[in-house]
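S.K.: Dropping in query-v2.txt, with compact mmCIF, N, CA and C atoms.
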```txt
# COMPACT_ATOMS: atom_id res chain seq x y z
N MET A 6 6.23 13.64 15.48
CA MET A 6 6.44 13.46 14.06
C MET A 6 7.38 12.27 13.86
N ASP A 7 7.08 11.50 12.83
CA ASP A 7 7.84 10.28 12.56
C ASP A 7 8.17 10.25 11.07
N ILE A 8 9.33 10.78 10.69
CA ILE A 8 9.75 10.83 9.30
C ILE A 8 10.25 9.44 8.89
N ARG A 9 9.65 8.91 7.84
CA ARG A 9 10.01 7.58 7.33
C ARG A 9 10.50 7.75 5.89
N ALA A 10 11.81 7.84 5.73
CA ALA A 10 12.40 8.08 4.41
C ALA A 10 12.38 6.81 3.57
N LEU A 11 11.48 6.78 2.58
CA LEU A 11 11.43 5.64 1.67
C LEU A 11 12.65 5.66 0.75
N THR A 12 13.04 6.85 0.34
CA THR A 12 14.24 7.05 -0.49
C THR A 12 14.91 8.32 0.03
N PRO A 13 16.10 8.63 -0.46
CA PRO A 13 16.73 9.88 -0.03
C PRO A 13 15.91 11.12 -0.41
N ASP A 14 15.02 10.97 -1.41
CA ASP A 14 14.25 12.12 -1.90
C ASP A 14 12.76 12.08 -1.59
N TYR A 15 12.32 11.07 -0.83
CA TYR A 15 10.88 10.96 -0.55
C TYR A 15 10.67 10.29 0.81
N ALA A 16 9.95 11.00 1.65
CA ALA A 16 9.61 10.46 2.98
C ALA A 16 8.11 10.57 3.19
N VAL A 17 7.62 9.69 4.04
CA VAL A 17 6.20 9.70 4.42
C VAL A 17 6.12 9.82 5.93
N SER A 18 4.93 10.19 6.38
CA SER A 18 4.72 10.37 7.81
C SER A 18 3.24 10.29 8.12
N PRO A 19 2.92 9.90 9.35
CA PRO A 19 1.56 10.11 9.82
C PRO A 19 1.29 11.62 9.91
N GLN A 20 0.06 11.97 10.18
CA GLN A 20 -0.38 13.37 10.27
C GLN A 20 0.63 14.24 11.01
N ILE A 21 0.91 15.39 10.44
CA ILE A 21 1.79 16.37 11.08
C ILE A 21 0.99 17.56 11.53
N ASP A 22 1.63 18.40 12.30
CA ASP A 22 1.07 19.64 12.84
C ASP A 22 1.89 20.79 12.25
N PRO A 23 1.32 21.99 12.15
CA PRO A 23 2.12 23.11 11.65
C PRO A 23 3.43 23.31 12.42
N SER A 24 3.44 22.97 13.68
CA SER A 24 4.67 23.14 14.48
C SER A 24 5.78 22.17 14.05
N ASP A 25 5.44 21.14 13.28
CA ASP A 25 6.44 20.19 12.77
C ASP A 25 7.17 20.72 11.53
N LEU A 26 6.60 21.69 10.88
CA LEU A 26 7.15 22.15 9.60
C LEU A 26 8.58 22.68 9.69
N PRO A 27 8.96 23.45 10.72
CA PRO A 27 10.36 23.89 10.78
C PRO A 27 11.34 22.71 10.83
N ALA A 28 11.01 21.65 11.54
CA ALA A 28 11.89 20.48 11.61
C ALA A 28 11.94 19.75 10.27
N ILE A 29 10.83 19.72 9.57
CA ILE A 29 10.79 19.10 8.24
C ILE A 29 11.69 19.89 7.29
N LYS A 30 11.58 21.20 7.35
CA LYS A 30 12.44 22.04 6.51
C LYS A 30 13.91 21.85 6.91
N ALA A 31 14.19 21.83 8.19
CA ALA A 31 15.57 21.65 8.66
C ALA A 31 16.14 20.30 8.23
N ALA A 32 15.28 19.29 8.04
CA ALA A 32 15.72 17.98 7.58
C ALA A 32 16.01 17.97 6.08
N GLY A 33 15.74 19.08 5.40
CA GLY A 33 16.08 19.21 3.99
C GLY A 33 14.95 19.05 3.00
N TYR A 34 13.74 18.85 3.49
CA TYR A 34 12.61 18.70 2.58
C TYR A 34 12.17 20.07 2.07
N VAL A 35 11.85 20.13 0.77
CA VAL A 35 11.47 21.41 0.17
C VAL A 35 10.01 21.43 -0.29
N THR A 36 9.43 20.25 -0.46
CA THR A 36 8.04 20.14 -0.89
C THR A 36 7.29 19.26 0.11
N ILE A 37 6.10 19.71 0.48
CA ILE A 37 5.20 18.97 1.37
C ILE A 37 3.99 18.56 0.55
N ILE A 38 3.65 17.26 0.58
CA ILE A 38 2.42 16.80 -0.08
C ILE A 38 1.46 16.32 1.00
N ASP A 39 0.29 16.93 1.01
CA ASP A 39 -0.78 16.58 1.94
C ASP A 39 -1.69 15.58 1.24
N ASN A 40 -1.64 14.31 1.66
CA ASN A 40 -2.48 13.27 1.09
C ASN A 40 -3.71 12.99 1.95
N ARG A 41 -4.01 13.88 2.87
CA ARG A 41 -5.12 13.65 3.81
C ARG A 41 -6.29 14.57 3.47
N PRO A 42 -7.47 14.02 3.23
CA PRO A 42 -8.65 14.85 2.99
C PRO A 42 -9.05 15.64 4.24
N ASP A 43 -9.49 16.86 4.04
CA ASP A 43 -9.89 17.71 5.16
C ASP A 43 -10.98 17.09 6.03
N GLY A 44 -11.85 16.29 5.43
CA GLY A 44 -12.96 15.71 6.17
C GLY A 44 -12.54 14.73 7.26
N GLU A 45 -11.27 14.34 7.27
CA GLU A 45 -10.78 13.38 8.26
C GLU A 45 -10.14 14.03 9.49
N ILE A 46 -9.94 15.32 9.44
CA ILE A 46 -9.10 15.96 10.45
C ILE A 46 -9.72 17.24 11.01
N PRO A 47 -9.25 17.70 12.16
CA PRO A 47 -9.77 18.94 12.73
C PRO A 47 -9.39 20.14 11.86
N PRO A 48 -10.18 21.20 11.93
CA PRO A 48 -9.96 22.38 11.08
C PRO A 48 -8.55 22.97 11.13
N ASP A 49 -7.88 22.91 12.27
CA ASP A 49 -6.55 23.53 12.34
C ASP A 49 -5.50 22.74 11.55
N LEU A 50 -5.86 21.53 11.08
CA LEU A 50 -4.95 20.73 10.27
C LEU A 50 -5.40 20.63 8.81
N HIS A 51 -6.45 21.35 8.46
CA HIS A 51 -6.95 21.35 7.08
C HIS A 51 -5.90 21.89 6.12
N THR A 52 -6.15 21.68 4.85
CA THR A 52 -5.22 22.06 3.80
C THR A 52 -4.77 23.52 3.89
N GLU A 53 -5.69 24.44 3.98
CA GLU A 53 -5.30 25.85 3.91
C GLU A 53 -4.44 26.32 5.08
N PRO A 54 -4.75 25.97 6.33
CA PRO A 54 -3.83 26.35 7.41
C PRO A 54 -2.45 25.71 7.25
N MET A 55 -2.42 24.46 6.81
CA MET A 55 -1.14 23.78 6.60
C MET A 55 -0.37 24.44 5.45
N ARG A 56 -1.08 24.77 4.38
CA ARG A 56 -0.44 25.43 3.24
C ARG A 56 0.17 26.77 3.69
N ALA A 57 -0.59 27.55 4.42
CA ALA A 57 -0.11 28.87 4.86
C ALA A 57 1.14 28.71 5.74
N ALA A 58 1.13 27.75 6.63
CA ALA A 58 2.27 27.55 7.52
C ALA A 58 3.50 27.08 6.74
N ALA A 59 3.30 26.18 5.79
CA ALA A 59 4.41 25.68 4.97
C ALA A 59 4.98 26.78 4.09
N GLU A 60 4.10 27.50 3.41
CA GLU A 60 4.57 28.55 2.50
C GLU A 60 5.25 29.70 3.25
N ALA A 61 4.83 29.96 4.49
CA ALA A 61 5.48 30.99 5.31
C ALA A 61 6.94 30.63 5.58
N LEU A 62 7.25 29.34 5.52
CA LEU A 62 8.63 28.87 5.72
C LEU A 62 9.38 28.70 4.40
N GLY A 63 8.73 29.04 3.30
CA GLY A 63 9.37 28.90 1.99
C GLY A 63 9.26 27.51 1.40
N LEU A 64 8.41 26.67 1.96
CA LEU A 64 8.21 25.32 1.45
C LEU A 64 7.11 25.32 0.39
N THR A 65 7.25 24.45 -0.60
CA THR A 65 6.19 24.24 -1.57
C THR A 65 5.18 23.30 -0.94
N PHE A 66 3.90 23.59 -1.11
CA PHE A 66 2.85 22.77 -0.52
C PHE A 66 1.91 22.30 -1.62
N VAL A 67 1.66 21.00 -1.67
CA VAL A 67 0.77 20.41 -2.66
C VAL A 67 -0.31 19.63 -1.94
N ALA A 68 -1.57 19.91 -2.25
CA ALA A 68 -2.68 19.15 -1.70
C ALA A 68 -3.09 18.09 -2.72
N ASN A 69 -3.02 16.84 -2.32
CA ASN A 69 -3.45 15.72 -3.15
C ASN A 69 -4.20 14.74 -2.25
N PRO A 70 -5.43 15.11 -1.84
CA PRO A 70 -6.16 14.26 -0.89
C PRO A 70 -6.52 12.90 -1.49
N VAL A 71 -6.11 11.86 -0.77
CA VAL A 71 -6.40 10.49 -1.17
C VAL A 71 -7.43 9.95 -0.19
N ILE A 72 -8.60 9.65 -0.69
CA ILE A 72 -9.67 9.12 0.15
C ILE A 72 -9.42 7.63 0.35
N GLY A 73 -9.38 7.21 1.60
CA GLY A 73 -9.13 5.81 1.93
C GLY A 73 -10.07 4.89 1.17
N GLY A 74 -9.51 3.92 0.45
CA GLY A 74 -10.30 2.98 -0.31
C GLY A 74 -10.83 3.52 -1.62
N ALA A 75 -10.49 4.77 -1.95
CA ALA A 75 -11.01 5.38 -3.18
C ALA A 75 -9.90 6.11 -3.95
N LEU A 76 -8.70 5.56 -3.91
CA LEU A 76 -7.57 6.11 -4.65
C LEU A 76 -7.90 6.14 -6.14
N THR A 77 -7.52 7.22 -6.80
CA THR A 77 -7.76 7.34 -8.24
C THR A 77 -6.43 7.49 -8.98
N MET A 78 -6.47 7.24 -10.27
CA MET A 78 -5.27 7.47 -11.07
C MET A 78 -4.94 8.96 -11.12
N GLU A 79 -5.94 9.82 -10.92
CA GLU A 79 -5.67 11.25 -10.83
C GLU A 79 -4.78 11.55 -9.61
N ASN A 80 -5.02 10.83 -8.51
CA ASN A 80 -4.15 10.97 -7.33
C ASN A 80 -2.72 10.58 -7.68
N VAL A 81 -2.57 9.48 -8.39
CA VAL A 81 -1.24 8.99 -8.77
C VAL A 81 -0.55 10.00 -9.69
N THR A 82 -1.29 10.49 -10.67
CA THR A 82 -0.73 11.47 -11.61
C THR A 82 -0.34 12.75 -10.88
N ALA A 83 -1.15 13.20 -9.96
CA ALA A 83 -0.84 14.42 -9.20
C ALA A 83 0.39 14.22 -8.33
N GLN A 84 0.51 13.04 -7.72
CA GLN A 84 1.68 12.76 -6.87
C GLN A 84 2.94 12.76 -7.72
N ARG A 85 2.89 12.09 -8.87
CA ARG A 85 4.04 12.04 -9.77
C ARG A 85 4.42 13.44 -10.23
N ALA A 86 3.43 14.25 -10.58
CA ALA A 86 3.71 15.62 -11.03
C ALA A 86 4.38 16.43 -9.92
N ALA A 87 3.91 16.28 -8.70
CA ALA A 87 4.52 17.00 -7.57
C ALA A 87 5.95 16.55 -7.35
N LEU A 88 6.20 15.26 -7.47
CA LEU A 88 7.56 14.74 -7.31
C LEU A 88 8.48 15.29 -8.40
N GLU A 89 8.00 15.27 -9.61
CA GLU A 89 8.81 15.75 -10.74
C GLU A 89 9.06 17.25 -10.67
N ALA A 90 8.11 18.01 -10.15
CA ALA A 90 8.24 19.47 -10.08
C ALA A 90 9.09 19.94 -8.91
N SER A 91 9.29 19.08 -7.93
CA SER A 91 10.01 19.49 -6.73
C SER A 91 11.49 19.74 -7.03
N SER A 92 12.01 20.78 -6.42
CA SER A 92 13.43 21.12 -6.60
C SER A 92 14.32 20.38 -5.60
N GLY A 93 13.72 19.50 -4.80
CA GLY A 93 14.50 18.77 -3.79
C GLY A 93 13.63 17.72 -3.14
N PRO A 94 14.07 17.20 -1.99
CA PRO A 94 13.35 16.13 -1.31
C PRO A 94 11.91 16.49 -0.95
N VAL A 95 11.05 15.47 -1.03
CA VAL A 95 9.61 15.61 -0.81
C VAL A 95 9.21 14.86 0.45
N PHE A 96 8.33 15.49 1.22
CA PHE A 96 7.77 14.93 2.45
C PHE A 96 6.26 14.83 2.26
N ALA A 97 5.71 13.61 2.33
CA ALA A 97 4.27 13.43 2.15
C ALA A 97 3.66 12.86 3.42
N TYR A 98 2.45 13.29 3.72
CA TYR A 98 1.79 12.78 4.93
C TYR A 98 0.33 12.48 4.68
N CYS A 99 -0.19 11.58 5.53
CA CYS A 99 -1.61 11.23 5.56
C CYS A 99 -1.89 10.79 6.99
N ALA A 100 -2.83 9.90 7.21
CA ALA A 100 -3.14 9.48 8.58
C ALA A 100 -2.01 8.65 9.19
N SER A 101 -1.47 7.71 8.40
CA SER A 101 -0.43 6.82 8.92
C SER A 101 0.85 6.83 8.09
N GLY A 102 0.77 7.36 6.88
CA GLY A 102 1.86 7.28 5.92
C GLY A 102 1.60 6.24 4.86
N ASN A 103 0.60 5.39 5.06
CA ASN A 103 0.31 4.32 4.11
C ASN A 103 -0.15 4.86 2.76
N ARG A 104 -1.14 5.75 2.74
CA ARG A 104 -1.62 6.27 1.46
C ARG A 104 -0.52 7.00 0.71
N SER A 105 0.34 7.72 1.45
CA SER A 105 1.46 8.41 0.82
C SER A 105 2.45 7.41 0.24
N SER A 106 2.56 6.23 0.84
CA SER A 106 3.41 5.17 0.30
C SER A 106 2.78 4.54 -0.94
N VAL A 107 1.47 4.34 -0.89
CA VAL A 107 0.76 3.73 -2.01
C VAL A 107 0.87 4.61 -3.26
N VAL A 108 0.60 5.90 -3.14
CA VAL A 108 0.66 6.76 -4.34
C VAL A 108 2.10 6.88 -4.84
N TRP A 109 3.07 6.85 -3.94
CA TRP A 109 4.49 6.84 -4.35
C TRP A 109 4.78 5.60 -5.18
N ALA A 110 4.38 4.43 -4.67
CA ALA A 110 4.65 3.18 -5.38
C ALA A 110 3.98 3.19 -6.75
N LEU A 111 2.73 3.57 -6.81
CA LEU A 111 2.02 3.59 -8.09
C LEU A 111 2.63 4.60 -9.05
N ALA A 112 3.09 5.72 -8.53
CA ALA A 112 3.71 6.75 -9.38
C ALA A 112 5.03 6.28 -9.97
N HIS A 113 5.66 5.27 -9.36
CA HIS A 113 6.94 4.76 -9.84
C HIS A 113 6.83 3.40 -10.54
N ALA A 114 5.61 2.93 -10.77
CA ALA A 114 5.42 1.66 -11.47
C ALA A 114 6.08 1.75 -12.84
N GLY A 115 6.90 0.76 -13.15
CA GLY A 115 7.61 0.75 -14.41
C GLY A 115 8.98 1.39 -14.34
N GLU A 116 9.21 2.20 -13.31
CA GLU A 116 10.51 2.83 -13.13
C GLU A 116 11.39 2.05 -12.16
N MET A 117 10.72 1.33 -11.26
CA MET A 117 11.41 0.50 -10.27
C MET A 117 10.71 -0.86 -10.26
N PRO A 118 11.43 -1.92 -9.90
CA PRO A 118 10.79 -3.24 -9.82
C PRO A 118 9.67 -3.26 -8.76
N ALA A 119 8.64 -4.03 -9.04
CA ALA A 119 7.53 -4.15 -8.09
C ALA A 119 8.03 -4.63 -6.74
N ASP A 120 9.02 -5.51 -6.72
CA ASP A 120 9.56 -5.98 -5.44
C ASP A 120 10.09 -4.83 -4.59
N ASP A 121 10.74 -3.84 -5.23
CA ASP A 121 11.25 -2.67 -4.50
C ASP A 121 10.11 -1.76 -4.06
N LEU A 122 9.15 -1.56 -4.94
CA LEU A 122 8.02 -0.67 -4.62
C LEU A 122 7.19 -1.22 -3.47
N ILE A 123 7.22 -2.52 -3.30
CA ILE A 123 6.52 -3.15 -2.19
C ILE A 123 7.45 -3.28 -0.98
N GLY A 124 8.68 -3.66 -1.21
CA GLY A 124 9.63 -3.92 -0.13
C GLY A 124 10.09 -2.70 0.62
N ILE A 125 10.30 -1.59 -0.08
CA ILE A 125 10.78 -0.38 0.60
C ILE A 125 9.76 0.11 1.64
N PRO A 126 8.49 0.29 1.28
CA PRO A 126 7.52 0.70 2.31
C PRO A 126 7.34 -0.35 3.41
N ALA A 127 7.54 -1.63 3.07
CA ALA A 127 7.38 -2.71 4.06
C ALA A 127 8.36 -2.54 5.22
N ARG A 128 9.51 -1.94 4.97
CA ARG A 128 10.48 -1.70 6.06
C ARG A 128 9.89 -0.83 7.16
N PHE A 129 8.84 -0.07 6.81
CA PHE A 129 8.21 0.83 7.78
C PHE A 129 6.83 0.33 8.19
N GLY A 130 6.52 -0.92 7.85
CA GLY A 130 5.26 -1.52 8.27
C GLY A 130 4.10 -1.32 7.31
N TYR A 131 4.36 -0.81 6.11
CA TYR A 131 3.30 -0.61 5.13
C TYR A 131 3.25 -1.82 4.20
N ASN A 132 2.15 -2.55 4.22
CA ASN A 132 2.00 -3.74 3.40
C ASN A 132 1.32 -3.37 2.09
N LEU A 133 2.10 -3.31 1.03
CA LEU A 133 1.59 -2.96 -0.29
C LEU A 133 1.51 -4.16 -1.23
N GLU A 134 1.63 -5.36 -0.68
CA GLU A 134 1.63 -6.57 -1.51
C GLU A 134 0.37 -6.65 -2.37
N HIS A 135 -0.75 -6.17 -1.86
CA HIS A 135 -1.99 -6.21 -2.65
C HIS A 135 -1.91 -5.39 -3.93
N LEU A 136 -0.91 -4.50 -4.02
CA LEU A 136 -0.73 -3.67 -5.22
C LEU A 136 0.08 -4.36 -6.31
N ARG A 137 0.68 -5.51 -6.01
CA ARG A 137 1.57 -6.16 -6.97
C ARG A 137 0.95 -6.29 -8.37
N PRO A 138 -0.27 -6.83 -8.51
CA PRO A 138 -0.83 -6.95 -9.87
C PRO A 138 -0.95 -5.59 -10.58
N THR A 139 -1.35 -4.58 -9.85
CA THR A 139 -1.48 -3.24 -10.45
C THR A 139 -0.12 -2.68 -10.83
N LEU A 140 0.86 -2.81 -9.94
CA LEU A 140 2.21 -2.32 -10.24
C LEU A 140 2.78 -3.02 -11.47
N GLU A 141 2.58 -4.32 -11.56
CA GLU A 141 3.09 -5.07 -12.70
C GLU A 141 2.34 -4.71 -13.98
N SER A 142 1.05 -4.49 -13.88
CA SER A 142 0.25 -4.09 -15.03
C SER A 142 0.68 -2.71 -15.54
N LEU A 143 0.85 -1.77 -14.62
CA LEU A 143 1.26 -0.42 -15.02
C LEU A 143 2.67 -0.43 -15.61
N ALA A 144 3.51 -1.32 -15.15
CA ALA A 144 4.89 -1.39 -15.65
C ALA A 144 4.92 -1.87 -17.11
N ARG A 145 3.92 -2.61 -17.53
CA ARG A 145 3.89 -3.13 -18.90
C ARG A 145 3.37 -2.11 -19.90
N ARG A 146 2.86 -1.01 -19.41
CA ARG A 146 2.28 0.00 -20.33
C ARG A 146 3.36 0.75 -21.06
```
Could I get this file's structure written as structure tokens?

M.R.:
Amino acid sequence: MDIRALTPDYAVSPQIDPSDLPAIKAAGYVTIIDNRPDGEIPPDLHTEPMRAAAEALGLTFVANPVIGGALTMENVTAQRAALEASSGPVFAYCASGNRSSVVWALAHAGEMPADDLIGIPARFGYNLEHLRPTLESLARR
């Protein structure tokens, strides 16, 4: 497991396993967001087994599958809602952490400068520069 804290309250990671959840909880995260569609992963990592394992530890679990290359504004809205509803730090995962970074950045468009929304994930190797026009457009709304 590779926790990449974009902010004190939001981290991303490549795919996790149920055995990683106790360490995630011990690190202080209270909400887990699964941004990975079930069709990409083996059955033991699908949404429902992960949800059951997270909830057994008292963690909130949110499924918001983001299909690579087919991100929707519904994904962004769901991510924002999960962030706002969380009582503490949020841990989101997908295949590499990139999609979880993208929906985070889009969910914060207008709240943070585009340079930060692009630069923060870049520290972890996520190149979101292609989102600049969208981030700037959403910020003007």

S.K.: Find, counting only N, CA and C atoms, the residue in A:Val107, A:Ala75, A:Met55, A:Leu62 that gets nearest to Leu133 in chain A.

M.R.: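 Of the candidates, the smallest distance to Leu133 in chain A is held by A:Val107.
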
S.K.: Compile a residue-level contact table for range 67-125 of chain A against range 42-47 of chain A at a cut-off of 7 Å, reporting for every qualifying residue the shortest atom pair and its distance in Å to one decimal, with all atoms listed in the file counted, rows ordered by chain and ascending number, as a tab-separated table.

M.R.:
```
residue	atom	partner	partner_atom	distance
A:Asn69	C	A:Pro42	N	6.4
A:Pro70	CA	A:Pro42	N	4.3
A:Val71	N	A:Pro42	N	4.7
A:Ile72	N	A:Pro42	N	6.0
A:Cys99	CA	A:Pro42	N	6.9
```

S.K.: Using CA of Leu140 in chain A and CA of Ala114 in chain A as the two end points, give the distance in Å to one decimal.

M.R.: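 Between these atoms lies a distance of 5.3 Å.
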
S.K.: Find the residues around Val67 in chain A up to 6 Å (all atoms listed in the file counted), leave out those fewer than 4 positions away in its own chain, and share them as a ChimeraX atom specification.

M.R.: /A:37-39

S.K.: Go ahead and fit an axis-aligned box to every listed atom of range 6-15 of chain A plus 8 Å each side, and pass me the centre and edge lengths in Å, one decimal, as JSON.

M.R.:
```
{"center_x": 11.5, "center_y": 9.6, "center_z": 6.8, "size_x": 26.5, "size_y": 24.0, "size_z": 33.4}
```

S.K.: DSSP on the backbone, strand (DSSP E) only: what residues of chain A does that give? Format it as a ChimeraX atom specification.

M.R.: /A:9-12,15-18,36-39,65-68,95-98

S.K.: Please list, as a PDB file with N, CA and C atoms, in the frame of the given file, the residues that have an atom at most 8 Å away from (9.4, 16.6, 15.8) in the coordinates of this file, counting all atoms listed in the file.

M.R.:
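Saved to point-v8.pdb:
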```pdb
ATOM      1  N   MET A   6       6.230  13.640  15.480  1.00  0.00           N
ATOM      2  CA  MET A   6       6.440  13.460  14.060  1.00  0.00           C
ATOM      3  C   MET A   6       7.380  12.270  13.860  1.00  0.00           C
ATOM      4  N   ASP A   7       7.080  11.500  12.830  1.00  0.00           N
ATOM      5  CA  ASP A   7       7.840  10.280  12.560  1.00  0.00           C
ATOM      6  C   ASP A   7       8.170  10.250  11.070  1.00  0.00           C
ATOM      7  N   ILE A   8       9.330  10.780  10.690  1.00  0.00           N
ATOM      8  CA  ILE A   8       9.750  10.830   9.300  1.00  0.00           C
ATOM      9  C   ILE A   8      10.250   9.440   8.890  1.00  0.00           C
ATOM     10  N   SER A  24       3.440  22.970  13.680  1.00  0.00           N
ATOM     11  CA  SER A  24       4.670  23.140  14.480  1.00  0.00           C
ATOM     12  C   SER A  24       5.780  22.170  14.050  1.00  0.00           C
ATOM     13  N   ASP A  25       5.440  21.140  13.280  1.00  0.00           N
ATOM     14  CA  ASP A  25       6.440  20.190  12.770  1.00  0.00           C
ATOM     15  C   ASP A  25       7.170  20.720  11.530  1.00  0.00           C
ATOM     16  N   LEU A  26       6.600  21.690  10.880  1.00  0.00           N
ATOM     17  CA  LEU A  26       7.150  22.150   9.600  1.00  0.00           C
ATOM     18  C   LEU A  26       8.580  22.680   9.690  1.00  0.00           C
ATOM     19  N   ALA A  28      11.010  21.650  11.540  1.00  0.00           N
ATOM     20  CA  ALA A  28      11.890  20.480  11.610  1.00  0.00           C
ATOM     21  C   ALA A  28      11.940  19.750  10.270  1.00  0.00           C
ATOM     22  N   ILE A  29      10.830  19.720   9.570  1.00  0.00           N
ATOM     23  CA  ILE A  29      10.790  19.100   8.240  1.00  0.00           C
ATOM     24  C   ILE A  29      11.690  19.890   7.290  1.00  0.00           C
TER      25      ILE A  29
END
```

S.K.: Report as a PyMOL selection string all protein, DNA and RNA residues lying within 9 Å of Glu134 in chain A, evaluated on only C-alpha atoms, omitting residues in the same chain fewer than 6 positions from it.

M.R.: chain A and resi 120+123-124+127

S.K.: Would you save the residues from that selection as a PDB file, in the frame of the given file, using N, CA and C atoms?

M.R.:
```
ATOM      1  N   ASP A 120       9.020  -5.510  -6.720  1.00  0.00           N
ATOM      2  CA  ASP A 120       9.560  -5.980  -5.440  1.00  0.00           C
ATOM      3  C   ASP A 120      10.090  -4.830  -4.590  1.00  0.00           C
ATOM      4  N   ILE A 123       7.220  -2.520  -3.300  1.00  0.00           N
ATOM      5  CA  ILE A 123       6.520  -3.150  -2.190  1.00  0.00           C
ATOM      6  C   ILE A 123       7.450  -3.280  -0.980  1.00  0.00           C
ATOM      7  N   GLY A 124       8.680  -3.660  -1.210  1.00  0.00           N
ATOM      8  CA  GLY A 124       9.630  -3.920  -0.130  1.00  0.00           C
ATOM      9  C   GLY A 124      10.090  -2.700   0.620  1.00  0.00           C
ATOM     10  N   ALA A 127       7.540  -1.630   3.070  1.00  0.00           N
ATOM     11  CA  ALA A 127       7.380  -2.710   4.060  1.00  0.00           C
ATOM     12  C   ALA A 127       8.360  -2.540   5.220  1.00  0.00           C
TER      13      ALA A 127
END
```

S.K.: So that I can check the secondary structure, give me every residue of chain A assigned helix (DSSP H, G or I) by backbone DSSP, as a ChimeraX atom specification.

M.R.: /A:23-31,43-45,48-50,52-61,78-90,103-112,119-127,134-144

S.K.: Between A:Thr36, A:Ser106, A:Ser101, A:Thr52, single out the one closest to Thr65 in chain A, counting all atoms listed in the file.

M.R.: A:Thr36

S.K.: Would you mind telling me which residue in A:Asp22, A:Ala61, A:Gly102, A:Ala32 lies nearest to Pro48 in chain A when using only C-alpha atoms?

M.R.: A:Asp22

S.K.: Do you have the atom N of Ser105 in chain A-atom N of Gly33 in chain A distance handy?

M.R.: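 For atom N of Ser105 in chain A relative to atom N of Gly33 in chain A, the distance reads 19.5 Å.
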
S.K.: Go through A:Val35, A:Ala68, A:Phe96, A:Leu50 one by one, measure the shortest atom-to-atom distance of each to Ala83 in chain A using only N, CA and C atoms, and give the residue with the smallest value.

M.R.: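 Closest to Ala83 in chain A of all the choices is A:Ala68.
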
S.K.: Missing atoms in range 80-91 of chain A should be modelled up to N, CA, C and O atoms and reported as a PDB file, keeping the file's coordinate frame.

M.R.:
```pdb
ATOM      1  N   ASN A  80      -5.020  10.830  -8.510  1.00  0.00           N
ATOM      2  CA  ASN A  80      -4.150  10.970  -7.330  1.00  0.00           C
ATOM      3  C   ASN A  80      -2.720  10.580  -7.680  1.00  0.00           C
ATOM      4  O   ASN A  80      -1.762  11.255  -7.285  1.00  0.00           O
ATOM      5  N   VAL A  81      -2.570   9.480  -8.390  1.00  0.00           N
ATOM      6  CA  VAL A  81      -1.240   8.990  -8.770  1.00  0.00           C
ATOM      7  C   VAL A  81      -0.550  10.000  -9.690  1.00  0.00           C
ATOM      8  O   VAL A  81       0.617  10.345  -9.487  1.00  0.00           O
ATOM      9  N   THR A  82      -1.290  10.490 -10.670  1.00  0.00           N
ATOM     10  CA  THR A  82      -0.730  11.470 -11.610  1.00  0.00           C
ATOM     11  C   THR A  82      -0.340  12.750 -10.880  1.00  0.00           C
ATOM     12  O   THR A  82       0.736  13.315 -11.148  1.00  0.00           O
ATOM     13  N   ALA A  83      -1.150  13.200  -9.960  1.00  0.00           N
ATOM     14  CA  ALA A  83      -0.840  14.420  -9.200  1.00  0.00           C
ATOM     15  C   ALA A  83       0.390  14.220  -8.330  1.00  0.00           C
ATOM     16  O   ALA A  83       1.230  15.120  -8.200  1.00  0.00           O
ATOM     17  N   GLN A  84       0.510  13.040  -7.720  1.00  0.00           N
ATOM     18  CA  GLN A  84       1.680  12.760  -6.870  1.00  0.00           C
ATOM     19  C   GLN A  84       2.940  12.760  -7.720  1.00  0.00           C
ATOM     20  O   GLN A  84       3.954  13.360  -7.359  1.00  0.00           O
ATOM     21  N   ARG A  85       2.890  12.090  -8.870  1.00  0.00           N
ATOM     22  CA  ARG A  85       4.040  12.040  -9.770  1.00  0.00           C
ATOM     23  C   ARG A  85       4.420  13.440 -10.230  1.00  0.00           C
ATOM     24  O   ARG A  85       5.598  13.802 -10.248  1.00  0.00           O
ATOM     25  N   ALA A  86       3.430  14.250 -10.580  1.00  0.00           N
ATOM     26  CA  ALA A  86       3.710  15.620 -11.030  1.00  0.00           C
ATOM     27  C   ALA A  86       4.380  16.430  -9.920  1.00  0.00           C
ATOM     28  O   ALA A  86       5.320  17.196 -10.187  1.00  0.00           O
ATOM     29  N   ALA A  87       3.910  16.280  -8.700  1.00  0.00           N
ATOM     30  CA  ALA A  87       4.520  17.000  -7.570  1.00  0.00           C
ATOM     31  C   ALA A  87       5.950  16.550  -7.350  1.00  0.00           C
ATOM     32  O   ALA A  87       6.838  17.378  -7.069  1.00  0.00           O
ATOM     33  N   LEU A  88       6.200  15.260  -7.470  1.00  0.00           N
ATOM     34  CA  LEU A  88       7.560  14.740  -7.310  1.00  0.00           C
ATOM     35  C   LEU A  88       8.480  15.290  -8.400  1.00  0.00           C
ATOM     36  O   LEU A  88       9.599  15.724  -8.120  1.00  0.00           O
ATOM     37  N   GLU A  89       8.000  15.270  -9.610  1.00  0.00           N
ATOM     38  CA  GLU A  89       8.810  15.750 -10.740  1.00  0.00           C
ATOM     39  C   GLU A  89       9.060  17.250 -10.670  1.00  0.00           C
ATOM     40  O   GLU A  89      10.117  17.730 -11.075  1.00  0.00           O
ATOM     41  N   ALA A  90       8.110  18.010 -10.150  1.00  0.00           N
ATOM     42  CA  ALA A  90       8.240  19.470 -10.080  1.00  0.00           C
ATOM     43  C   ALA A  90       9.090  19.940  -8.910  1.00  0.00           C
ATOM     44  O   ALA A  90       9.575  21.067  -8.906  1.00  0.00           O
ATOM     45  N   SER A  91       9.290  19.080  -7.930  1.00  0.00           N
ATOM     46  CA  SER A  91      10.010  19.490  -6.730  1.00  0.00           C
ATOM     47  C   SER A  91      11.490  19.740  -7.030  1.00  0.00           C
ATOM     48  O   SER A  91      12.127  18.965  -7.743  1.00  0.00           O
TER      49      SER A  91
END
```
